[in-house]
Structure formats: structure tokens, C-alpha cells
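Asker: What follows is protein_10.csv, CSV, C-alpha atoms.
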chain,number,residue,atom,x,y,z
A,1,MET,CA,-146.0,-32.4,-94.4
A,2,THR,CA,-144.3,-32.6,-97.9
A,3,PRO,CA,-140.6,-31.7,-98.2
A,4,PHE,CA,-141.7,-28.3,-99.6
A,5,ILE,CA,-144.0,-27.5,-96.7
A,6,SER,CA,-141.5,-28.9,-94.3
A,7,GLU,CA,-138.8,-26.5,-95.5
A,8,ILE,CA,-141.2,-23.6,-95.2
A,9,VAL,CA,-142.1,-24.6,-91.7
A,10,GLY,CA,-138.6,-25.4,-90.6
A,11,THR,CA,-137.2,-22.2,-92.0
A,12,PHE,CA,-140.0,-20.2,-90.4
A,13,LEU,CA,-139.3,-21.7,-87.0
A,14,LEU,CA,-135.5,-21.0,-87.5
A,15,MET,CA,-136.1,-17.5,-88.5
A,16,VAL,CA,-138.9,-16.5,-86.1
A,17,LEU,CA,-136.7,-17.5,-83.2
A,18,GLY,CA,-133.5,-16.2,-84.7
A,19,LEU,CA,-134.8,-12.8,-85.7
A,20,GLY,CA,-136.8,-12.8,-82.5
A,21,VAL,CA,-133.6,-12.9,-80.4
A,22,ASN,CA,-132.2,-10.2,-82.5
A,23,ALA,CA,-135.2,-8.0,-81.8
A,24,ASN,CA,-135.2,-8.9,-78.1
A,25,VAL,CA,-131.5,-7.9,-77.7
A,26,SER,CA,-131.5,-4.9,-80.0
A,27,LEU,CA,-134.8,-3.0,-79.7
A,28,GLN,CA,-135.6,-0.5,-77.0
A,29,LYS,CA,-137.8,-1.4,-74.0
A,30,THR,CA,-137.7,-5.1,-74.4
A,31,TYR,CA,-136.8,-7.2,-71.4
A,32,GLY,CA,-133.8,-8.5,-73.2
A,33,ASN,CA,-132.5,-5.2,-74.5
A,34,GLY,CA,-128.7,-5.0,-74.3
A,35,SER,CA,-128.2,-8.6,-73.2
A,36,GLY,CA,-125.4,-9.1,-75.7
A,37,TRP,CA,-123.7,-11.4,-78.2
A,38,ILE,CA,-123.9,-14.6,-76.1
A,39,VAL,CA,-127.7,-14.3,-75.9
A,40,ILE,CA,-127.9,-13.8,-79.7
A,41,THR,CA,-125.6,-16.7,-80.6
A,42,THR,CA,-127.4,-19.0,-78.1
A,43,GLY,CA,-130.8,-17.9,-79.4
A,44,TRP,CA,-129.8,-18.7,-83.0
A,45,ALA,CA,-128.4,-22.1,-82.0
A,46,PHE,CA,-131.7,-23.0,-80.3
A,47,ALA,CA,-133.6,-21.6,-83.3
A,48,VAL,CA,-131.6,-24.0,-85.6
A,49,TYR,CA,-132.4,-26.9,-83.3
A,50,THR,CA,-136.1,-26.1,-83.4
A,51,GLY,CA,-136.3,-25.9,-87.2
A,52,VAL,CA,-134.3,-29.1,-87.7
A,53,VAL,CA,-136.4,-31.1,-85.2
A,54,VAL,CA,-139.5,-30.3,-87.1
A,55,ALA,CA,-138.3,-30.4,-90.7
A,56,GLY,CA,-135.7,-33.1,-90.4
A,57,PRO,CA,-137.9,-36.2,-90.7
A,58,HIS,CA,-139.7,-34.8,-93.8
A,59,SER,CA,-137.1,-32.9,-95.9
A,60,GLY,CA,-133.8,-33.4,-94.2
A,61,ALA,CA,-134.0,-29.9,-92.7
A,62,HIS,CA,-131.8,-28.0,-95.1
A,63,ILE,CA,-133.5,-24.7,-94.1
A,64,ASN,CA,-130.6,-22.9,-95.9
A,65,PRO,CA,-130.0,-22.6,-99.7
A,66,ALA,CA,-126.2,-23.0,-99.1
A,67,VAL,CA,-126.8,-26.4,-97.5
A,68,SER,CA,-129.1,-27.5,-100.4
A,69,VAL,CA,-126.6,-26.4,-103.0
A,70,GLY,CA,-123.6,-27.9,-101.1
A,71,LEU,CA,-125.3,-31.2,-100.7
A,72,ALA,CA,-126.3,-31.2,-104.4
A,73,VAL,CA,-122.7,-30.5,-105.4
A,74,ALA,CA,-121.5,-33.4,-103.2
A,75,GLY,CA,-124.0,-35.7,-104.8
A,76,GLU,CA,-126.0,-36.1,-101.6
A,77,PHE,CA,-129.1,-34.3,-102.9
A,78,PRO,CA,-130.8,-34.2,-106.4
A,79,TRP,CA,-130.3,-30.9,-108.3
A,80,ASN,CA,-133.8,-30.9,-109.6
A,81,GLU,CA,-135.1,-30.5,-106.0
A,82,VAL,CA,-132.9,-27.5,-105.2
A,83,PRO,CA,-135.1,-24.8,-106.7
A,84,SER,CA,-138.2,-25.9,-104.7
A,85,TYR,CA,-136.2,-26.1,-101.5
A,86,VAL,CA,-134.8,-22.7,-102.0
A,87,LEU,CA,-138.2,-21.2,-102.7
A,88,ALA,CA,-139.6,-22.8,-99.6
A,89,GLN,CA,-136.7,-21.4,-97.5
A,90,PHE,CA,-137.3,-17.9,-98.7
A,91,ILE,CA,-141.1,-18.1,-98.1
A,92,GLY,CA,-140.5,-19.3,-94.5
A,93,ALA,CA,-137.8,-16.7,-93.8
A,94,MET,CA,-139.9,-13.8,-95.2
A,95,PHE,CA,-143.1,-14.8,-93.3
A,96,ALA,CA,-141.1,-15.1,-90.1
A,97,ALA,CA,-139.6,-11.7,-90.6
A,98,PHE,CA,-143.1,-10.2,-90.9
A,99,CYS,CA,-144.2,-12.0,-87.8
A,100,VAL,CA,-141.2,-10.8,-85.8
A,101,TRP,CA,-142.0,-7.2,-86.9
A,102,LEU,CA,-145.6,-7.6,-85.9
A,103,VAL,CA,-144.8,-9.0,-82.4
A,104,ASN,CA,-142.3,-6.3,-81.8
A,105,LYS,CA,-144.0,-3.4,-83.5
A,106,ASP,CA,-144.2,-1.2,-80.4
A,107,HIS,CA,-140.5,-1.8,-79.8
A,108,PHE,CA,-139.6,-0.9,-83.4
A,109,ASP,CA,-141.5,2.3,-82.9
A,110,ALA,CA,-139.7,3.0,-79.6
A,111,THR,CA,-136.3,2.5,-81.3
A,112,GLU,CA,-134.9,5.6,-83.1
A,113,ASP,CA,-131.9,4.2,-84.9
A,114,GLY,CA,-132.7,2.9,-88.4
A,115,GLY,CA,-129.5,0.7,-88.5
A,116,THR,CA,-130.6,-1.1,-85.3
A,117,LYS,CA,-134.0,-1.8,-86.8
A,118,ARG,CA,-132.5,-3.2,-90.0
A,119,GLY,CA,-130.1,-5.3,-87.9
A,120,VAL,CA,-133.1,-7.3,-86.6
A,121,PHE,CA,-133.8,-8.4,-90.1
A,122,CYS,CA,-130.4,-8.8,-91.8
A,123,THR,CA,-126.7,-8.6,-91.3
A,124,ALA,CA,-124.1,-5.9,-91.8
A,125,PRO,CA,-120.3,-5.9,-91.4
A,126,ALA,CA,-118.9,-4.6,-88.2
A,127,ILE,CA,-116.1,-3.1,-90.2
A,128,PRO,CA,-116.9,-2.8,-93.9
A,129,ASN,CA,-114.2,-4.5,-96.0
A,130,THR,CA,-115.8,-6.3,-99.0
A,131,GLY,CA,-113.1,-8.9,-99.5
A,132,ILE,CA,-112.7,-9.9,-95.8
A,133,ASN,CA,-116.5,-9.7,-95.3
A,134,LEU,CA,-117.0,-12.1,-98.2
A,135,PHE,CA,-114.3,-14.4,-96.9
A,136,SER,CA,-115.9,-14.4,-93.5
A,137,GLU,CA,-119.2,-15.6,-94.9
A,138,ILE,CA,-117.4,-18.2,-97.1
A,139,LEU,CA,-115.5,-19.6,-94.1
A,140,GLY,CA,-118.4,-19.7,-91.7
A,141,THR,CA,-120.6,-21.5,-94.3
A,142,PHE,CA,-117.7,-23.8,-95.2
A,143,VAL,CA,-117.5,-24.9,-91.5
A,144,LEU,CA,-121.3,-25.5,-91.4
A,145,VAL,CA,-121.6,-27.5,-94.7
A,146,PHE,CA,-118.4,-29.4,-94.4
A,147,SER,CA,-119.4,-30.6,-90.9
A,148,VAL,CA,-122.9,-31.5,-92.1
A,149,LEU,CA,-121.4,-33.7,-94.8
A,150,TYR,CA,-119.6,-35.7,-92.0
A,151,PHE,CA,-122.6,-36.3,-89.9
A,152,THR,CA,-123.0,-40.0,-89.0
A,153,ASP,CA,-125.8,-42.2,-87.7
A,154,ALA,CA,-125.6,-43.9,-84.3
A,155,VAL,CA,-125.1,-47.6,-84.6
A,156,ILE,CA,-125.2,-50.6,-82.3
A,157,SER,CA,-121.7,-51.8,-82.3
A,158,THR,CA,-122.4,-55.5,-82.1
A,159,ASN,CA,-124.2,-55.7,-85.5
A,160,ASN,CA,-123.6,-52.2,-86.9
A,161,GLU,CA,-127.3,-51.6,-87.0
A,162,ILE,CA,-128.2,-47.9,-87.6
A,163,ILE,CA,-130.4,-46.5,-84.9
A,164,GLY,CA,-132.2,-43.1,-84.8
A,165,LEU,CA,-131.6,-40.5,-82.1
A,166,GLY,CA,-135.1,-39.0,-82.4
A,167,SER,CA,-135.1,-35.2,-81.7
A,168,LEU,CA,-131.6,-35.4,-80.3
A,169,GLY,CA,-130.3,-35.9,-83.8
A,170,ALA,CA,-130.9,-32.1,-84.4
A,171,LEU,CA,-128.5,-31.2,-81.6
A,172,PRO,CA,-125.2,-31.5,-83.6
A,173,VAL,CA,-126.0,-28.9,-86.2
A,174,SER,CA,-127.3,-26.4,-83.6
A,175,LEU,CA,-124.0,-26.8,-81.7
A,176,ILE,CA,-122.0,-26.1,-84.9
A,177,VAL,CA,-124.0,-23.0,-85.6
A,178,TRP,CA,-123.5,-21.9,-82.0
A,179,GLY,CA,-119.8,-22.4,-82.4
A,180,ILE,CA,-119.7,-20.5,-85.7
A,181,GLY,CA,-121.5,-17.6,-84.1
A,182,LEU,CA,-119.2,-17.5,-81.1
A,183,SER,CA,-116.0,-17.9,-83.1
A,184,LEU,CA,-116.5,-16.4,-86.5
A,185,GLY,CA,-119.7,-14.3,-86.3
A,186,GLY,CA,-118.3,-11.1,-84.9
A,187,THR,CA,-117.2,-9.7,-88.3
A,188,THR,CA,-120.4,-9.9,-90.4
A,189,GLY,CA,-123.1,-11.3,-88.1
A,190,TYR,CA,-122.7,-14.7,-89.7
A,191,ALA,CA,-125.6,-14.9,-92.1
A,192,ILE,CA,-124.2,-18.2,-93.5
A,193,ASN,CA,-127.6,-18.6,-95.2
A,194,PRO,CA,-128.9,-16.6,-98.2
A,195,ALA,CA,-132.5,-17.0,-97.3
A,196,ARG,CA,-131.9,-15.9,-93.7
A,197,ASP,CA,-130.4,-12.6,-94.9
A,198,LEU,CA,-132.0,-11.7,-98.3
A,199,GLY,CA,-135.6,-12.7,-97.5
A,200,PRO,CA,-135.9,-10.6,-94.3
A,201,ARG,CA,-134.0,-7.8,-96.0
A,202,MET,CA,-136.7,-7.6,-98.6
A,203,VAL,CA,-139.4,-7.6,-95.9
A,204,HIS,CA,-137.5,-4.8,-94.2
A,205,ALA,CA,-137.7,-2.8,-97.4
A,206,LEU,CA,-141.4,-3.3,-97.7
A,207,LEU,CA,-142.5,-2.7,-94.1
A,208,PRO,CA,-143.7,0.7,-92.9
A,209,LEU,CA,-141.0,1.2,-90.3
A,210,LYS,CA,-140.5,4.6,-88.7
A,211,ASN,CA,-137.1,6.1,-89.3
A,212,LYS,CA,-136.3,3.0,-91.4
A,213,GLY,CA,-133.1,4.2,-93.1
A,214,SER,CA,-131.1,2.3,-95.7
A,215,ASN,CA,-131.9,-1.3,-96.7
A,216,GLY,CA,-128.2,-1.9,-97.2
A,217,TRP,CA,-128.6,-3.2,-100.7
A,218,GLY,CA,-124.9,-2.5,-101.5
A,219,TYR,CA,-123.9,-5.2,-99.1
A,220,ALA,CA,-126.8,-7.5,-99.7
A,221,TRP,CA,-124.9,-9.7,-102.2
A,222,VAL,CA,-122.2,-10.7,-99.8
A,223,PRO,CA,-124.4,-12.8,-97.5
A,224,VAL,CA,-125.9,-14.5,-100.6
A,225,VAL,CA,-122.7,-15.2,-102.6
A,226,GLY,CA,-120.5,-15.9,-99.7
A,227,PRO,CA,-122.6,-18.7,-98.2
A,228,ILE,CA,-123.2,-20.3,-101.6
A,229,LEU,CA,-119.4,-20.3,-102.4
A,230,GLY,CA,-118.7,-21.7,-98.9
A,231,GLY,CA,-121.2,-24.5,-99.4
A,232,VAL,CA,-119.7,-25.4,-102.8
A,233,ILE,CA,-116.2,-25.3,-101.6
A,234,ALA,CA,-117.1,-27.5,-98.6
A,235,ALA,CA,-118.6,-30.0,-101.0
A,236,TRP,CA,-115.5,-30.0,-103.2
A,237,VAL,CA,-113.1,-30.5,-100.3
A,238,ALA,CA,-115.3,-33.2,-98.8
A,239,MET,CA,-115.2,-35.1,-102.1
A,240,LEU,CA,-111.5,-34.6,-102.4
A,241,VAL,CA,-110.6,-36.0,-99.0
A,242,SER,CA,-113.2,-38.7,-98.9
Show me, as C-alpha cells, the structure contained in the file I just sent.
Answerer:
Amino acid sequence: MTPFISEIVGTFLLMVLGLGVNANVSLQKTYGNGSGWIVITTGWAFAVYTGVVVAGPHSGAHINPAVSVGLAVAGEFPWNEVPSYVLAQFIGAMFAAFCVWLVNKDHFDATEDGGTKRGVFCTAPAIPNTGINLFSEILGTFVLVFSVLYFTDAVISTNNEIIGLGSLGALPVSLIVWGIGLSLGGTTGYAINPARDLGPRMVHALLPLKNKGSNGWGYAWVPVVGPILGGVIAAWVAMLVS
């Protein structure tokens, strides 16, 4: 389990569960059809927890290019490792998107609306407004990366010895992502992760979906640029106030 493989596996687990809850809520004739936003945000939070539990001990569980870039800007991660992490994250996200399509193929076939099908894979604005949509992605990712930069280890107070929390150490980031989804996610679907959006969007473009409709390429840059800017700004602010 090298860092590269770890980022592939961790991102795969994040995305197969995250896109999976999208499919369960959105596609026709699933048991979860129509169960709503709370189910989606909770599913994504649990997806983050799962990915971080597995990847954390081996790669730090970035599972998001915006986190890798943000940590590098803050001096917490070497720049020369960013490209390999980002590549691994895209591989994991794209393979997960394919698996979610395969598992739900009958339900994709039963769903007529092309926009609903695309929404399983990638995000779109609830109300298109490029400037506000971009700011939404910047702000959501800022909250994520800024919070990650302030994570601390548990210590024994008598001697300040750092102790590990095991798998419970993955809980804080999942709660943060849950909070972002509940509070800020309603405008754009809170991609807050370029690999999460662009990788599956490319898979959507390649898959033989019935009544597929548009791939939404005109919007695709927003959930890539916005999260990267949010991660960079979070790093700058963290360094400024440290």
C-alpha cells in the first residue's frame, strides 16, 4: 500500500459510496429513490470517513486535489508529490464512477431524464450564476482545507505525549464535509474536489447511457478551479493567522 495506491483506493472508496448515494436517491426504481438531501449529505460524509480510514495511515488521505495543493501551499506537503497524488485521485474517482454505473445500469435505463443521470456523476448549479457558483465552490473548499490545517493530535495531558485515535481519527473530516453539504451544498452540489467532479464527468461522457444528454462541459471548469482556489486561499489565511 504505497501512497499512490493508497490515494487510488481511498478515492475509489470515497467516490463509489458518494456517487452510489447519488444514484440511490436520484435514479428510478431504487429503494432509496427520492429520499432527499439529508440522505445524500450523510452518504457523502460516511463515504469520506471510509476513504480516510483506509488511506490515512499510508498517504495522509488527501483523496482530493484541492487538499493536496492546499497542504503544499501551506508547506505541509512536498510539491513534487502533488502530481502523483492528483493522478491517483483521478484514477480512483473514474474507476468508481464506472462501477457505480455498472451496479445501477438497470436503474439508469429506467430513468428518462438525462440531467438526472448526469447528476449521479457530477455537479451542476441549482441556479446558474457563474460568479456566485464559483464563489460557492471556493467557500466550501476553504472551510474544508482551512479546518484540515487545524487538525490536532490527541495528547496525554500529563506529559504531552501524542496518542493515536485509530480509525476514529477519520471522523472529524467526515463531519466537516457533512456540515459543508448541509450548510453550503445546496447551490452547486458542493463538489469541493476537482477529481470528484471532473473524473466522473469524463466517465459520463464515455459511457453508453440511454438519453444521456449534455455533459455540462460549459460548467465543468467551476468545480475544478473553485476548489483549487479555495484550497490555496485557505492555506494563505492559515499561514497569515498562524
Asker: Would you compute the distance between atom CA of Phe4 of chain A and atom CA of Phe90 of chain A? Give it in Å to one decimal.
Answerer: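 Atom CA of Phe90 of chain A lies 11.3 Å from atom CA of Phe4 of chain A.
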Asker: Measuring atom to atom with only C-alpha atoms, identify which of A:Gly226, A:Pro78, A:Trp221, A:Gly43 is nearest to Phe142 of chain A.
Answerer: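 That would be A:Gly226, the residue with the smallest distance to Phe142 of chain A.
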Asker: Quick one: everything within 12 Å of segment 108-116 of chain A, counting all atoms listed in the file, minus sequence neighbours fewer than 5 positions away in the same chain. Send it as a PyMOL selection string.
Answerer: chain A and resi 22-30+33-34+100-103+121-126+204-205+207-216
Asker: Find, counting all atoms listed in the file, the residue in A:Pro223, A:Pro194, A:Gly218, A:Gly185 that gets nearest to Ser68 of chain A.
Answerer: A:Pro194
Asker: I want to know what sits within 8 Å of Val82 of chain A, based on only C-alpha atoms, with residues of the same chain fewer than 5 positions away left out; could you give that as a PyMOL selection string?
Answerer: chain A and resi 65+68-69+72
Asker: Just checking: using only C-alpha atoms, which residue out of A:Ser59, A:Asn193, A:Asn104, A:Ser35 ends up closest to Glu81 of chain A?
Answerer: A:Ser59
Asker: Quick one: which segment 83-153 of chain A residues come within 8 Å of segment 229-235 of chain A, and what is the nearest atom pair for each with the distance in Å to one decimal, counting all atoms listed in the file, rows ordered by chain and ascending number, as a tab-separated table?
Answerer:
residue	atom	partner	partner_atom	distance
A:Glu137	CA	A:Gly230	CA	7.3
A:Ile138	CA	A:Gly230	CA	4.1
A:Leu139	CA	A:Gly230	CA	6.1
A:Gly140	CA	A:Gly230	CA	7.5
A:Thr141	CA	A:Gly230	CA	5.0
A:Phe142	CA	A:Gly230	CA	4.4
A:Val143	CA	A:Ala234	CA	7.6
A:Val145	CA	A:Gly231	CA	5.6
A:Phe146	CA	A:Ala234	CA	4.8
A:Leu149	CA	A:Ala235	CA	7.7
Asker: Could you check the closest approach to Lys117 of chain A for each of A:Phe135, A:Arg201, A:Ser147, A:Thr11 and tell me which residue wins, using only C-alpha atoms?
Answerer: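 Closest candidate: A:Arg201.
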Asker: I need the residue nearest Ile176 of chain A from this list: A:Ala93, A:Ala55, A:Val148, A:Leu19. Use only C-alpha atoms for the distance.
Answerer: A:Val148
Asker: Please identify all polymer residues within 6 Å of segment 38-41 of chain A, counting all atoms listed in the file, omitting same-chain residues fewer than 2 positions from it, and present them as a list of chain:residue names.
Answerer: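 Counting all atoms listed in the file, the residues come to A:Val21, A:Gly36, A:Gly43, A:Trp44, A:Trp178, A:Gly181.
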Asker: I need the residues from that last selection saved to file as a PDB file, in the coordinates of the input (with C-alpha atoms), if you can.
Answerer:
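Below is the file result36.pdb, written as the result:
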ATOM      1  CA  VAL A  21    -133.600 -12.900 -80.400  1.00  0.00           C
ATOM      2  CA  GLY A  36    -125.400  -9.100 -75.700  1.00  0.00           C
ATOM      3  CA  GLY A  43    -130.800 -17.900 -79.400  1.00  0.00           C
ATOM      4  CA  TRP A  44    -129.800 -18.700 -83.000  1.00  0.00           C
ATOM      5  CA  TRP A 178    -123.500 -21.900 -82.000  1.00  0.00           C
ATOM      6  CA  GLY A 181    -121.500 -17.600 -84.100  1.00  0.00           C
TER       7      GLY A 181
END
Asker: Using all atoms listed in the file, pick whichever of A:Pro3, A:Gly169, A:Phe95, A:Ala238 has the shortest atom-to-atom distance to His58 of chain A.
Answerer: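 Looking only at the distances to His58 of chain A, the closest residue turns out to be A:Pro3.
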Asker: Interatomic distance between atom CA of Ala47 of chain A and atom CA of Met239 of chain A?
Answerer: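 These atoms are spaced 29.6 Å apart.
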Asker: What does the structure give for the distance between atom CA of Ala220 of chain A and atom CA of Asp197 of chain A, in Å to one decimal?
Answerer: 7.9 Å
Asker: Segment 122-130 of chain A, all listed atoms, 6 Å padding on each side: what axis-aligned box centre and edge lengths in Å to one decimal come out, as lines of an AutoDock Vina configuration file?
Answerer:
center_x = -122.3
center_y = -5.8
center_z = -93.6
size_x = 28.2
size_y = 18.0
size_z = 22.8
Asker: Within 10 Å of Gly186 of chain A, counting all atoms listed in the file, which residues show up once you throw out same-chain ones fewer than 2 positions away? Write them as a list in words, please.
Answerer: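 The residues that qualify are Trp37, Pro125, Ala126, Ile127, Ser136, Ile180, Gly181, Leu182, Ser183, Leu184, Thr188, Gly189 and Tyr190 of chain A.
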Asker: Need to verify the contact set: Ser6 of chain A, 12 Å, only C-alpha atoms, exclusion of same-chain residues closer than 4 positions in sequence. Can you return it as number ranges by chain?
Answerer: A: 1-2, 10-13, 51-63, 84-89, 91-92
Asker: Keeping C-alpha atoms, export the residues of the selection given above as a PDB file, in the frame of the given file.
Answerer:
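Saved result, again.pdb, follows:
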ATOM      1  CA  MET A   1    -146.000 -32.400 -94.400  1.00  0.00           C
ATOM      2  CA  THR A   2    -144.300 -32.600 -97.900  1.00  0.00           C
ATOM      3  CA  GLY A  10    -138.600 -25.400 -90.600  1.00  0.00           C
ATOM      4  CA  THR A  11    -137.200 -22.200 -92.000  1.00  0.00           C
ATOM      5  CA  PHE A  12    -140.000 -20.200 -90.400  1.00  0.00           C
ATOM      6  CA  LEU A  13    -139.300 -21.700 -87.000  1.00  0.00           C
ATOM      7  CA  GLY A  51    -136.300 -25.900 -87.200  1.00  0.00           C
ATOM      8  CA  VAL A  52    -134.300 -29.100 -87.700  1.00  0.00           C
ATOM      9  CA  VAL A  53    -136.400 -31.100 -85.200  1.00  0.00           C
ATOM     10  CA  VAL A  54    -139.500 -30.300 -87.100  1.00  0.00           C
ATOM     11  CA  ALA A  55    -138.300 -30.400 -90.700  1.00  0.00           C
ATOM     12  CA  GLY A  56    -135.700 -33.100 -90.400  1.00  0.00           C
ATOM     13  CA  PRO A  57    -137.900 -36.200 -90.700  1.00  0.00           C
ATOM     14  CA  HIS A  58    -139.700 -34.800 -93.800  1.00  0.00           C
ATOM     15  CA  SER A  59    -137.100 -32.900 -95.900  1.00  0.00           C
ATOM     16  CA  GLY A  60    -133.800 -33.400 -94.200  1.00  0.00           C
ATOM     17  CA  ALA A  61    -134.000 -29.900 -92.700  1.00  0.00           C
ATOM     18  CA  HIS A  62    -131.800 -28.000 -95.100  1.00  0.00           C
ATOM     19  CA  ILE A  63    -133.500 -24.700 -94.100  1.00  0.00           C
ATOM     20  CA  SER A  84    -138.200 -25.900-104.700  1.00  0.00           C
ATOM     21  CA  TYR A  85    -136.200 -26.100-101.500  1.00  0.00           C
ATOM     22  CA  VAL A  86    -134.800 -22.700-102.000  1.00  0.00           C
ATOM     23  CA  LEU A  87    -138.200 -21.200-102.700  1.00  0.00           C
ATOM     24  CA  ALA A  88    -139.600 -22.800 -99.600  1.00  0.00           C
ATOM     25  CA  GLN A  89    -136.700 -21.400 -97.500  1.00  0.00           C
ATOM     26  CA  ILE A  91    -141.100 -18.100 -98.100  1.00  0.00           C
ATOM     27  CA  GLY A  92    -140.500 -19.300 -94.500  1.00  0.00           C
TER      28      GLY A  92
END
